[in-house]
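Text of the file coords-v1.cif, holding mmCIF, C-alpha atoms:
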```cif
data_work
#
loop_
_atom_site.label_atom_id
_atom_site.label_comp_id
_atom_site.auth_asym_id
_atom_site.auth_seq_id
_atom_site.Cartn_x
_atom_site.Cartn_y
_atom_site.Cartn_z
CA LEU A 1 -60.41 35.24 -63.97
CA GLY A 2 -62.34 37.79 -65.96
CA ARG A 3 -65.41 35.54 -66.11
CA LEU A 4 -65.37 35.40 -62.31
CA GLY A 5 -65.42 39.16 -61.94
CA TYR A 6 -61.70 39.69 -61.37
CA ASP A 7 -59.55 42.14 -63.31
CA PRO A 8 -56.87 39.90 -64.88
CA SER A 9 -54.46 42.82 -65.09
CA SER A 10 -54.31 42.92 -61.29
CA ALA A 11 -52.66 39.48 -61.18
CA GLN A 12 -48.88 39.84 -61.12
CA ALA A 13 -48.21 36.09 -61.16
CA VAL A 14 -50.26 32.92 -61.60
CA VAL A 15 -49.29 29.45 -60.40
CA THR A 16 -51.39 26.31 -60.87
CA SER A 17 -50.94 22.76 -59.63
CA GLY A 18 -51.17 21.52 -63.22
CA GLU A 19 -48.32 23.80 -64.24
CA GLU A 20 -46.13 22.51 -61.40
CA ALA A 21 -46.91 18.91 -62.33
CA TRP A 22 -46.12 19.61 -66.00
CA LYS A 23 -42.75 21.13 -65.10
CA TYR A 24 -41.95 18.14 -62.93
CA LEU A 25 -42.75 15.66 -65.69
CA ALA A 26 -40.82 17.71 -68.24
CA LYS A 27 -37.69 17.72 -66.08
CA GLY A 28 -37.93 14.55 -64.06
CA LYS A 29 -39.70 11.74 -65.85
CA GLU A 30 -36.45 10.14 -67.05
CA SER A 31 -34.71 10.43 -63.69
CA LEU A 32 -37.69 8.72 -62.10
CA GLY A 33 -37.30 5.77 -64.39
CA LEU A 34 -40.54 6.50 -66.20
CA ALA A 35 -38.78 6.37 -69.54
CA SER A 36 -35.30 5.88 -70.95
CA PRO A 37 -33.63 8.86 -72.64
CA GLY A 38 -35.10 9.36 -76.11
CA LYS A 39 -38.02 7.00 -75.43
CA ARG A 40 -41.59 8.24 -75.23
CA ALA A 41 -43.29 7.61 -71.88
CA ASN A 42 -46.78 6.17 -71.61
CA CYS A 43 -49.42 7.16 -69.07
CA LEU A 44 -52.89 6.14 -68.01
CA TRP A 45 -54.49 9.57 -68.35
CA LEU A 46 -57.41 10.57 -66.14
CA THR A 47 -58.44 13.97 -67.40
CA TRP A 48 -61.05 16.48 -68.57
CA ARG A 49 -63.11 15.91 -71.69
CA SER A 50 -61.84 19.19 -73.16
CA GLU A 51 -58.21 18.08 -72.77
CA ALA A 52 -58.79 14.80 -74.57
CA THR A 53 -60.47 16.39 -77.56
CA ARG A 54 -58.17 19.31 -78.37
CA ASP A 55 -54.85 19.35 -80.19
CA THR A 56 -53.09 21.53 -77.61
CA ASN A 57 -53.45 19.71 -74.33
CA PHE A 58 -51.62 19.00 -71.09
CA LEU A 59 -49.34 16.36 -72.65
CA GLN A 60 -48.01 18.65 -75.36
CA GLY A 61 -44.25 19.09 -75.08
CA LEU A 62 -43.81 16.23 -72.62
CA ASN A 63 -43.01 13.37 -74.99
CA VAL A 64 -45.75 11.44 -73.15
CA GLN A 65 -48.69 9.68 -74.72
CA ALA A 66 -51.87 8.17 -73.31
CA THR A 67 -52.15 4.37 -73.32
CA GLY A 68 -53.98 1.57 -71.60
CA VAL A 69 -53.01 0.60 -68.08
CA ASP A 70 -50.96 -2.44 -69.16
CA ASP A 71 -48.66 -0.32 -71.35
CA ALA A 72 -48.42 2.67 -69.00
CA ASP A 73 -45.30 3.87 -67.17
CA PHE A 74 -47.34 5.95 -64.71
CA VAL A 75 -50.85 7.20 -63.96
CA LEU A 76 -51.63 10.90 -64.51
CA ALA A 77 -54.61 12.15 -62.48
CA HIS A 78 -55.27 15.49 -64.15
CA GLY A 79 -59.06 15.82 -64.44
CA SER A 80 -62.21 14.03 -63.37
CA ASP A 81 -64.42 13.82 -66.48
CA GLY A 82 -63.08 10.48 -67.67
CA ILE A 83 -60.22 8.37 -69.04
CA VAL A 84 -58.24 8.57 -72.28
CA LEU A 85 -57.98 4.98 -73.44
CA ASP A 86 -55.28 5.19 -76.12
CA SER A 87 -52.85 7.41 -78.03
CA HIS A 88 -55.62 8.31 -80.51
CA GLY A 89 -57.46 10.23 -77.80
CA THR A 90 -60.36 7.80 -77.41
CA PHE A 91 -62.22 9.21 -74.42
CA HIS A 92 -64.41 7.30 -71.96
CA ALA A 93 -66.65 9.54 -69.85
CA THR A 94 -67.13 8.21 -66.33
CA GLY A 95 -69.46 10.75 -64.76
CA PHE A 96 -67.23 10.94 -61.70
CA LYS A 97 -67.09 14.74 -61.59
CA ASP A 98 -70.82 14.90 -60.92
CA SER A 99 -71.46 11.62 -59.08
CA GLY A 100 -68.30 11.10 -57.01
CA SER A 101 -68.53 7.35 -57.75
CA LEU A 102 -65.12 5.72 -58.25
CA GLU A 103 -66.57 2.47 -59.59
CA ALA A 104 -65.35 3.06 -63.15
CA TYR A 105 -61.79 3.53 -61.86
CA HIS A 106 -61.48 0.63 -59.41
CA GLY A 107 -60.20 -2.00 -61.82
CA LEU A 108 -57.78 0.32 -63.63
CA LEU A 109 -56.25 1.75 -60.49
CA ARG A 110 -55.91 -1.64 -58.82
CA ARG A 111 -54.19 -2.99 -61.91
CA ALA A 112 -51.88 0.04 -62.00
CA ALA A 113 -50.94 -0.52 -58.36
CA GLU A 114 -50.29 -4.20 -59.05
CA ARG A 115 -47.85 -3.13 -61.75
CA GLY A 116 -46.14 -0.73 -59.33
CA LEU A 117 -46.97 2.40 -61.33
CA PRO A 118 -46.61 5.77 -59.60
CA LEU A 119 -49.61 8.12 -59.75
CA ILE A 120 -48.93 11.79 -60.48
CA CYS A 121 -51.80 13.95 -59.17
CA ALA A 122 -51.93 17.34 -60.87
CA ASN A 123 -54.97 18.52 -58.89
CA PRO A 124 -55.24 17.25 -55.29
CA ASP A 125 -58.58 18.95 -54.55
CA SER A 126 -61.36 16.64 -53.35
CA THR A 127 -64.35 18.85 -54.21
CA VAL A 128 -65.11 22.31 -55.51
CA VAL A 129 -68.32 24.34 -55.34
CA ASN A 130 -69.68 25.47 -58.71
CA PRO A 131 -71.29 28.91 -59.25
CA ASP A 132 -74.72 27.26 -58.95
CA GLN A 133 -73.64 25.81 -55.57
CA SER A 134 -73.50 22.23 -56.87
CA VAL A 135 -70.50 20.11 -55.88
CA ALA A 136 -67.95 18.77 -58.39
CA TYR A 137 -65.59 15.94 -57.47
CA MET A 138 -61.91 16.40 -58.25
CA PRO A 139 -58.82 14.24 -58.98
CA GLY A 140 -57.56 14.29 -55.41
CA ASN A 141 -60.03 11.47 -54.76
CA PHE A 142 -58.11 9.26 -57.21
CA ALA A 143 -54.87 9.92 -55.35
CA ARG A 144 -56.39 9.05 -51.97
CA TYR A 145 -58.02 5.87 -53.28
CA TYR A 146 -54.78 4.81 -54.97
CA ALA A 147 -52.70 5.32 -51.82
CA GLU A 148 -55.17 4.14 -49.18
CA GLU A 149 -57.07 1.35 -50.93
CA CYS A 150 -54.57 0.15 -53.54
CA GLY A 151 -51.32 0.77 -51.69
CA GLY A 152 -49.94 2.68 -54.65
CA GLU A 153 -47.25 5.38 -54.75
CA VAL A 154 -48.65 8.92 -55.11
CA LEU A 155 -46.95 12.22 -55.87
CA GLU A 156 -49.22 15.29 -55.54
CA PHE A 157 -48.74 18.85 -56.79
CA GLY A 158 -50.55 21.89 -55.47
CA LYS A 159 -52.13 22.74 -52.13
CA PRO A 160 -51.51 21.83 -49.33
CA ASP A 161 -47.87 21.19 -50.28
CA PRO A 162 -45.81 24.16 -48.98
CA ALA A 163 -43.77 24.02 -52.19
CA HIS A 164 -46.83 25.23 -54.10
CA PHE A 165 -47.14 28.31 -51.89
CA GLU A 166 -43.42 28.96 -52.25
CA ALA A 167 -43.77 28.80 -56.04
CA ALA A 168 -46.51 31.45 -55.88
CA ILE A 169 -44.44 33.71 -53.65
CA GLN A 170 -41.44 33.26 -55.91
CA GLY A 171 -43.57 34.34 -58.87
CA LEU A 172 -44.57 37.49 -57.02
CA GLU A 173 -40.98 38.21 -56.06
CA GLU A 174 -39.89 37.85 -59.68
CA ALA A 175 -42.65 40.22 -60.81
CA LYS A 176 -41.81 42.70 -58.05
CA GLY A 177 -38.07 42.41 -58.52
CA SER A 178 -37.36 42.09 -54.81
CA PRO A 179 -37.97 39.74 -51.87
CA ILE A 180 -41.36 39.73 -50.15
CA GLU A 181 -41.69 39.46 -46.40
CA ARG A 182 -43.81 36.44 -45.46
CA SER A 183 -45.69 38.64 -42.98
CA ARG A 184 -47.03 40.59 -45.99
CA VAL A 185 -48.53 37.50 -47.64
CA LEU A 186 -52.17 36.45 -47.12
CA HIS A 187 -53.54 33.26 -48.63
CA ILE A 188 -57.30 33.25 -49.25
CA GLY A 189 -59.17 29.97 -49.66
CA ASP A 190 -62.23 27.93 -48.74
CA SER A 191 -60.72 24.51 -48.00
CA LEU A 192 -59.45 23.81 -44.49
CA GLU A 193 -57.60 20.72 -45.71
CA HIS A 194 -55.87 22.34 -48.67
CA ASP A 195 -55.85 26.12 -48.23
CA ILE A 196 -55.55 26.58 -44.47
CA HIS A 197 -53.31 23.59 -43.72
CA GLY A 198 -51.12 24.54 -46.67
CA ALA A 199 -50.77 28.18 -45.68
CA THR A 200 -49.95 27.20 -42.11
CA ALA A 201 -47.28 24.75 -43.29
CA ALA A 202 -45.84 27.45 -45.55
CA GLY A 203 -45.65 29.91 -42.67
CA ILE A 204 -48.04 32.53 -44.06
CA ASP A 205 -51.33 34.02 -42.85
CA SER A 206 -54.63 32.71 -44.17
CA LEU A 207 -58.21 33.91 -44.67
CA PHE A 208 -60.80 31.12 -44.56
CA ILE A 209 -63.95 31.72 -46.64
CA ALA A 210 -66.78 29.89 -44.87
CA SER A 211 -69.30 29.87 -47.74
CA GLY A 212 -67.15 27.67 -50.00
CA VAL A 213 -66.65 23.90 -49.81
CA HIS A 214 -67.57 23.88 -46.10
CA GLY A 215 -70.62 26.10 -46.53
CA ALA A 216 -73.18 23.34 -46.02
CA GLU A 217 -71.43 22.14 -42.85
CA LEU A 218 -71.44 25.67 -41.45
CA GLY A 219 -74.92 26.65 -42.64
CA VAL A 220 -73.44 29.38 -44.82
CA GLN A 221 -74.36 29.29 -48.50
CA LEU A 222 -74.50 31.80 -51.31
CA ASP A 223 -77.72 32.83 -52.95
CA GLU A 224 -77.99 30.87 -56.20
CA GLY A 225 -76.52 32.80 -59.11
CA ALA A 226 -75.03 35.44 -56.86
CA SER A 227 -71.36 34.48 -57.04
CA SER A 228 -70.33 37.13 -59.55
CA GLY A 229 -67.41 38.29 -57.43
CA VAL A 230 -69.08 41.54 -56.34
CA THR A 231 -72.68 40.63 -55.47
CA ASP A 232 -72.31 37.63 -53.18
CA ARG A 233 -75.32 37.27 -50.89
CA LEU A 234 -75.75 34.84 -48.04
CA VAL A 235 -78.73 32.62 -47.36
CA ASP A 236 -79.28 30.29 -44.40
CA GLY A 237 -78.01 32.82 -41.86
CA GLU A 238 -74.59 33.38 -40.40
CA ALA A 239 -71.96 30.84 -39.44
CA SER A 240 -72.23 30.27 -35.71
CA VAL A 241 -69.08 30.45 -33.63
CA SER A 242 -69.72 27.00 -32.17
CA ARG A 243 -70.11 25.32 -35.57
CA LEU A 244 -67.01 27.06 -36.86
CA GLN A 245 -64.96 26.08 -33.82
CA GLY A 246 -66.15 22.50 -34.11
CA LEU A 247 -65.16 22.31 -37.78
CA LEU A 248 -61.75 23.85 -37.12
CA GLU A 249 -61.14 21.28 -34.39
CA GLN A 250 -62.29 18.47 -36.68
CA TYR A 251 -59.73 19.48 -39.32
CA SER A 252 -57.08 20.64 -36.81
CA ALA A 253 -57.02 23.91 -38.72
CA SER A 254 -56.10 27.39 -37.49
CA PRO A 255 -56.85 30.11 -40.03
CA THR A 256 -55.57 33.58 -39.19
CA TYR A 257 -58.87 35.14 -40.21
CA THR A 258 -62.34 33.95 -41.21
CA ALA A 259 -64.95 35.59 -43.45
CA GLU A 260 -68.28 34.32 -44.75
CA VAL A 261 -67.83 35.58 -48.32
CA LEU A 262 -65.19 37.17 -50.51
CA SER A 263 -66.32 40.05 -52.73
CA TRP A 264 -63.76 41.40 -55.17
CA LYS A 265 -64.09 45.13 -55.71
CA GLY A 266 -60.69 45.81 -57.22
CA ILE A 267 -57.96 48.11 -56.01
CA SER A 268 -58.12 51.85 -56.54
CA SER A 269 -55.03 53.38 -58.09
#
```

Please express the file's structure as structure tokens.
Amino acid sequence: LGRLGYDPSSAQAVVTSGEEAWKYLAKGKESLGLASPGKRANCLWLTWRSEATRDTNFLQGLNVQATGVDDADFVLAHGSDGIVLDSHGTFHATGFKDSGSLEAYHGLLRRAAERGLPLICANPDSTVVNPDQSVAYMPGNFARYYAEECGGEVLEFGKPDPAHFEAAIQGLEEAKGSPIERSRVLHIGDSLEHDIHGATAAGIDSLFIASGVHGAELGVQLDEGASSGVTDRLVDGEASVSRLQGLLEQYSASPTYTAEVLSWKGISS
């Protein structure tokens, strides 16, 4: 958060989709039939390069190891840089994060579906916008391909699942030491599919940031290099009401509020 211009000390609780997926696997992998008690589970691990090459990674503490698809108990869609091919951490970069091409995954995912393996998606985002305004493709694409094209079973963690929003609110309530009225909660995000739909399903207000993943569709983009958190500047004009209304109708989304940018200036004490 600090690298993005936020003061980390202002965050009273942090919840991530990966954390929720990890907790689920830690508590539920045996009850799901993924492994017998005392037996290590195997997964086909789609992840980030950094995760595959460091000692402390997502699988630590789970009694789960990466294997090939024919030995796997489930598929773990965690990152979009590539695939871990074996328990030794052999990593195959696919280029998917930059290209969005699923070609390198087709055979593996089809084989996994043939074997009836469930796919656990720890990051259901489709795309994100990088600070330089380039687009990066995320693991949610694997989940959609697996369900829609392969007929496989998918379990997703994170937005837009209302449970993810409830986990965040619960974290705030624990930090505060008392219940929080839902009317006092505002979710801020740039994805109509994940942020706005999720907030609506969770029964909380939402603020849609137009210059994010939908910026190109709305003609609202940030000046290159300007996304420091406090110096965001728009190029390409303002989002027109008609384009915004059309996009909201296309996604059947109803944000409570809309803004073109979000600039974090901190909170005065």

Residue contacts of A:Ala21 (12 Å, only C-alpha atoms) excluding same-chain residues fewer than 4 positions away, as a PDB file with C-alpha atoms, in the coordinates of the input:
```pdb
ATOM      1  CA  VAL A  15     -49.290  29.450 -60.400  1.00  0.00           C
ATOM      2  CA  THR A  16     -51.390  26.310 -60.870  1.00  0.00           C
ATOM      3  CA  SER A  17     -50.940  22.760 -59.630  1.00  0.00           C
ATOM      4  CA  LEU A  25     -42.750  15.660 -65.690  1.00  0.00           C
ATOM      5  CA  ALA A  26     -40.820  17.710 -68.240  1.00  0.00           C
ATOM      6  CA  LYS A  27     -37.690  17.720 -66.080  1.00  0.00           C
ATOM      7  CA  GLY A  28     -37.930  14.550 -64.060  1.00  0.00           C
ATOM      8  CA  LYS A  29     -39.700  11.740 -65.850  1.00  0.00           C
ATOM      9  CA  PHE A  58     -51.620  19.000 -71.090  1.00  0.00           C
ATOM     10  CA  LEU A  59     -49.340  16.360 -72.650  1.00  0.00           C
ATOM     11  CA  LEU A  62     -43.810  16.230 -72.620  1.00  0.00           C
ATOM     12  CA  LEU A  76     -51.630  10.900 -64.510  1.00  0.00           C
ATOM     13  CA  ALA A  77     -54.610  12.150 -62.480  1.00  0.00           C
ATOM     14  CA  HIS A  78     -55.270  15.490 -64.150  1.00  0.00           C
ATOM     15  CA  LEU A 119     -49.610   8.120 -59.750  1.00  0.00           C
ATOM     16  CA  ILE A 120     -48.930  11.790 -60.480  1.00  0.00           C
ATOM     17  CA  CYS A 121     -51.800  13.950 -59.170  1.00  0.00           C
ATOM     18  CA  ALA A 122     -51.930  17.340 -60.870  1.00  0.00           C
ATOM     19  CA  ASN A 123     -54.970  18.520 -58.890  1.00  0.00           C
ATOM     20  CA  PRO A 124     -55.240  17.250 -55.290  1.00  0.00           C
ATOM     21  CA  LEU A 155     -46.950  12.220 -55.870  1.00  0.00           C
ATOM     22  CA  GLU A 156     -49.220  15.290 -55.540  1.00  0.00           C
ATOM     23  CA  PHE A 157     -48.740  18.850 -56.790  1.00  0.00           C
ATOM     24  CA  GLY A 158     -50.550  21.890 -55.470  1.00  0.00           C
ATOM     25  CA  ALA A 163     -43.770  24.020 -52.190  1.00  0.00           C
ATOM     26  CA  HIS A 164     -46.830  25.230 -54.100  1.00  0.00           C
TER      27      HIS A 164
END
```

Chain and number of each residue from the PyMOL selection byres ((chain A and resi 259) around 12), as a PDB file with C-alpha atoms, keeping the file's coordinate frame:
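Okay, this is what ended up in part12.pdb:
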```pdb
ATOM      1  CA  ILE A 188     -57.300  33.250 -49.250  1.00  0.00           C
ATOM      2  CA  GLY A 189     -59.170  29.970 -49.660  1.00  0.00           C
ATOM      3  CA  ASP A 190     -62.230  27.930 -48.740  1.00  0.00           C
ATOM      4  CA  SER A 206     -54.630  32.710 -44.170  1.00  0.00           C
ATOM      5  CA  LEU A 207     -58.210  33.910 -44.670  1.00  0.00           C
ATOM      6  CA  PHE A 208     -60.800  31.120 -44.560  1.00  0.00           C
ATOM      7  CA  ILE A 209     -63.950  31.720 -46.640  1.00  0.00           C
ATOM      8  CA  ALA A 210     -66.780  29.890 -44.870  1.00  0.00           C
ATOM      9  CA  SER A 211     -69.300  29.870 -47.740  1.00  0.00           C
ATOM     10  CA  GLY A 212     -67.150  27.670 -50.000  1.00  0.00           C
ATOM     11  CA  GLY A 215     -70.620  26.100 -46.530  1.00  0.00           C
ATOM     12  CA  VAL A 220     -73.440  29.380 -44.820  1.00  0.00           C
ATOM     13  CA  LEU A 234     -75.750  34.840 -48.040  1.00  0.00           C
ATOM     14  CA  GLU A 238     -74.590  33.380 -40.400  1.00  0.00           C
ATOM     15  CA  ALA A 239     -71.960  30.840 -39.440  1.00  0.00           C
ATOM     16  CA  SER A 240     -72.230  30.270 -35.710  1.00  0.00           C
ATOM     17  CA  VAL A 241     -69.080  30.450 -33.630  1.00  0.00           C
ATOM     18  CA  LEU A 244     -67.010  27.060 -36.860  1.00  0.00           C
ATOM     19  CA  PRO A 255     -56.850  30.110 -40.030  1.00  0.00           C
ATOM     20  CA  THR A 256     -55.570  33.580 -39.190  1.00  0.00           C
ATOM     21  CA  TYR A 257     -58.870  35.140 -40.210  1.00  0.00           C
ATOM     22  CA  THR A 258     -62.340  33.950 -41.210  1.00  0.00           C
ATOM     23  CA  GLU A 260     -68.280  34.320 -44.750  1.00  0.00           C
ATOM     24  CA  VAL A 261     -67.830  35.580 -48.320  1.00  0.00           C
ATOM     25  CA  LEU A 262     -65.190  37.170 -50.510  1.00  0.00           C
ATOM     26  CA  SER A 263     -66.320  40.050 -52.730  1.00  0.00           C
TER      27      SER A 263
END
```

Practice problem: Would you write out, as a list in words, every residue that the PyMOL selection byres ((chain A and resi 192-202) around 6) captures in this file? | Solution: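 In the shown coordinates, the PyMOL selection byres ((chain A and resi 192-202) around 6) covers Lys159, Pro160, Asp161, Pro162, Gly189, Ser191, Gly203, Ile204 and Pro255 of chain A.
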
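Counting only C-alpha atoms and comparing A:Ala175, A:Leu186, A:Ile83, A:Cys150, the residue that lies closest to A:Ala104 is A:Ile83.
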
Practice problem: Given the file shown, enumerate the residues that the PyMOL selection byres ((chain A and resi 117) around 9) captures and present them as a PyMOL selection string. | Solution: chain A and resi 72-75+112-116+118-119+152-153

Mind dumping the selected residues with C-alpha atoms as a tab-separated table (two decimals), in the frame of the given file?
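Saved result, again-v6.tsv, follows:
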```tsv
chain	number	residue	atom	x	y	z
A	72	ALA	CA	-48.42	2.67	-69.00
A	73	ASP	CA	-45.30	3.87	-67.17
A	74	PHE	CA	-47.34	5.95	-64.71
A	75	VAL	CA	-50.85	7.20	-63.96
A	112	ALA	CA	-51.88	0.04	-62.00
A	113	ALA	CA	-50.94	-0.52	-58.36
A	114	GLU	CA	-50.29	-4.20	-59.05
A	115	ARG	CA	-47.85	-3.13	-61.75
A	116	GLY	CA	-46.14	-0.73	-59.33
A	118	PRO	CA	-46.61	5.77	-59.60
A	119	LEU	CA	-49.61	8.12	-59.75
A	152	GLY	CA	-49.94	2.68	-54.65
A	153	GLU	CA	-47.25	5.38	-54.75
```

Exercise. Mind giving me the straight-line distance from atom CA of A:Val69 to atom CA of A:Leu44 in Å, one decimal?
Key: 5.5 Å

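Restricting the calculation to all atoms listed in the file, the smallest distance between A:Arg49 and any of A:Ser178, A:Ser10, A:Gln245, A:Ser80 is found for A:Ser80.
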
Quiz item: Between A:Ile180, A:Ala253, A:Ala41, A:Ala143, which one has atoms that come closest to A:Asp71, using all atoms listed in the file?
Solution: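 Checking each of A:Ile180, A:Ala253, A:Ala41, A:Ala143 against A:Asp71, counting all atoms listed in the file, the winner is A:Ala41.
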
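For the point (-53.0, 11.1, -72.0), the residues with at least one atom inside 8 Å, counting all atoms listed in the file, are Asn42, Cys43, Leu44, Trp45, Leu46, Thr47, Ala52, Leu59, Val64, Gln65, Ala66, Thr67, Leu76, Val84, Asp86, Ser87 and Gly89 of chain A.
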
Go ahead and save the picked residues with C-alpha atoms, as a JSON list (two decimals), in the coordinates of the input.
```
[["chain", "number", "residue", "atom", "x", "y", "z"],
["A", 42, "ASN", "CA", -46.78, 6.17, -71.61],
["A", 43, "CYS", "CA", -49.42, 7.16, -69.07],
["A", 44, "LEU", "CA", -52.89, 6.14, -68.01],
["A", 45, "TRP", "CA", -54.49, 9.57, -68.35],
["A", 46, "LEU", "CA", -57.41, 10.57, -66.14],
["A", 47, "THR", "CA", -58.44, 13.97, -67.40],
["A", 52, "ALA", "CA", -58.79, 14.80, -74.57],
["A", 59, "LEU", "CA", -49.34, 16.36, -72.65],
["A", 64, "VAL", "CA", -45.75, 11.44, -73.15],
["A", 65, "GLN", "CA", -48.69, 9.68, -74.72],
["A", 66, "ALA", "CA", -51.87, 8.17, -73.31],
["A", 67, "THR", "CA", -52.15, 4.37, -73.32],
["A", 76, "LEU", "CA", -51.63, 10.90, -64.51],
["A", 84, "VAL", "CA", -58.24, 8.57, -72.28],
["A", 86, "ASP", "CA", -55.28, 5.19, -76.12],
["A", 87, "SER", "CA", -52.85, 7.41, -78.03],
["A", 89, "GLY", "CA", -57.46, 10.23, -77.80]]
```

Quiz item: With all atoms listed in the file as the atoms that count, which of A:Phe91, A:Val14, A:Glu217, A:Lys97 lies nearest to A:Ser50?
Solution: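 Closest candidate: A:Phe91.
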
Quiz item: What does the distance between atom CA of A:Ser134 and atom CA of A:Leu108 come to in Å, to one decimal place?
Solution: 27.8 Å

Return as lines of an AutoDock Vina configuration file the box centre and box size in Å, one decimal, for an axis-aligned box around all listed atoms of stretch 66-70 of chain A padded by 5 Å per side.
```
center_x = -52.5
center_y = 2.9
center_z = -70.7
size_x = 13.0
size_y = 20.6
size_z = 15.2
```

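The two atoms in question, atom CA of A:Leu102 and atom CA of A:Val129, are spaced 19.1 Å apart.
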
Quiz prompt | Residues within 8 Å of A:Val128, all atoms listed in the file, excluding chain neighbours under 2 positions, as a list in words | solution = Asp125, Ser126, Asn130, Val135, Ala136, Tyr137, Met138, Gly212 and Val213 of chain A

Quiz item: Nearest to A:Glu19: which of A:Arg111, A:Gly5, A:Ala168, A:Arg182 is it, counting all atoms listed in the file?
Solution: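 That would be A:Ala168, the residue with the smallest distance to A:Glu19.
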
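Take the candidates A:Glu148, A:Asp205, A:Glu51, A:Glu173 and check each one against A:Ser254 using all atoms listed in the file; the shortest distance goes to A:Asp205.
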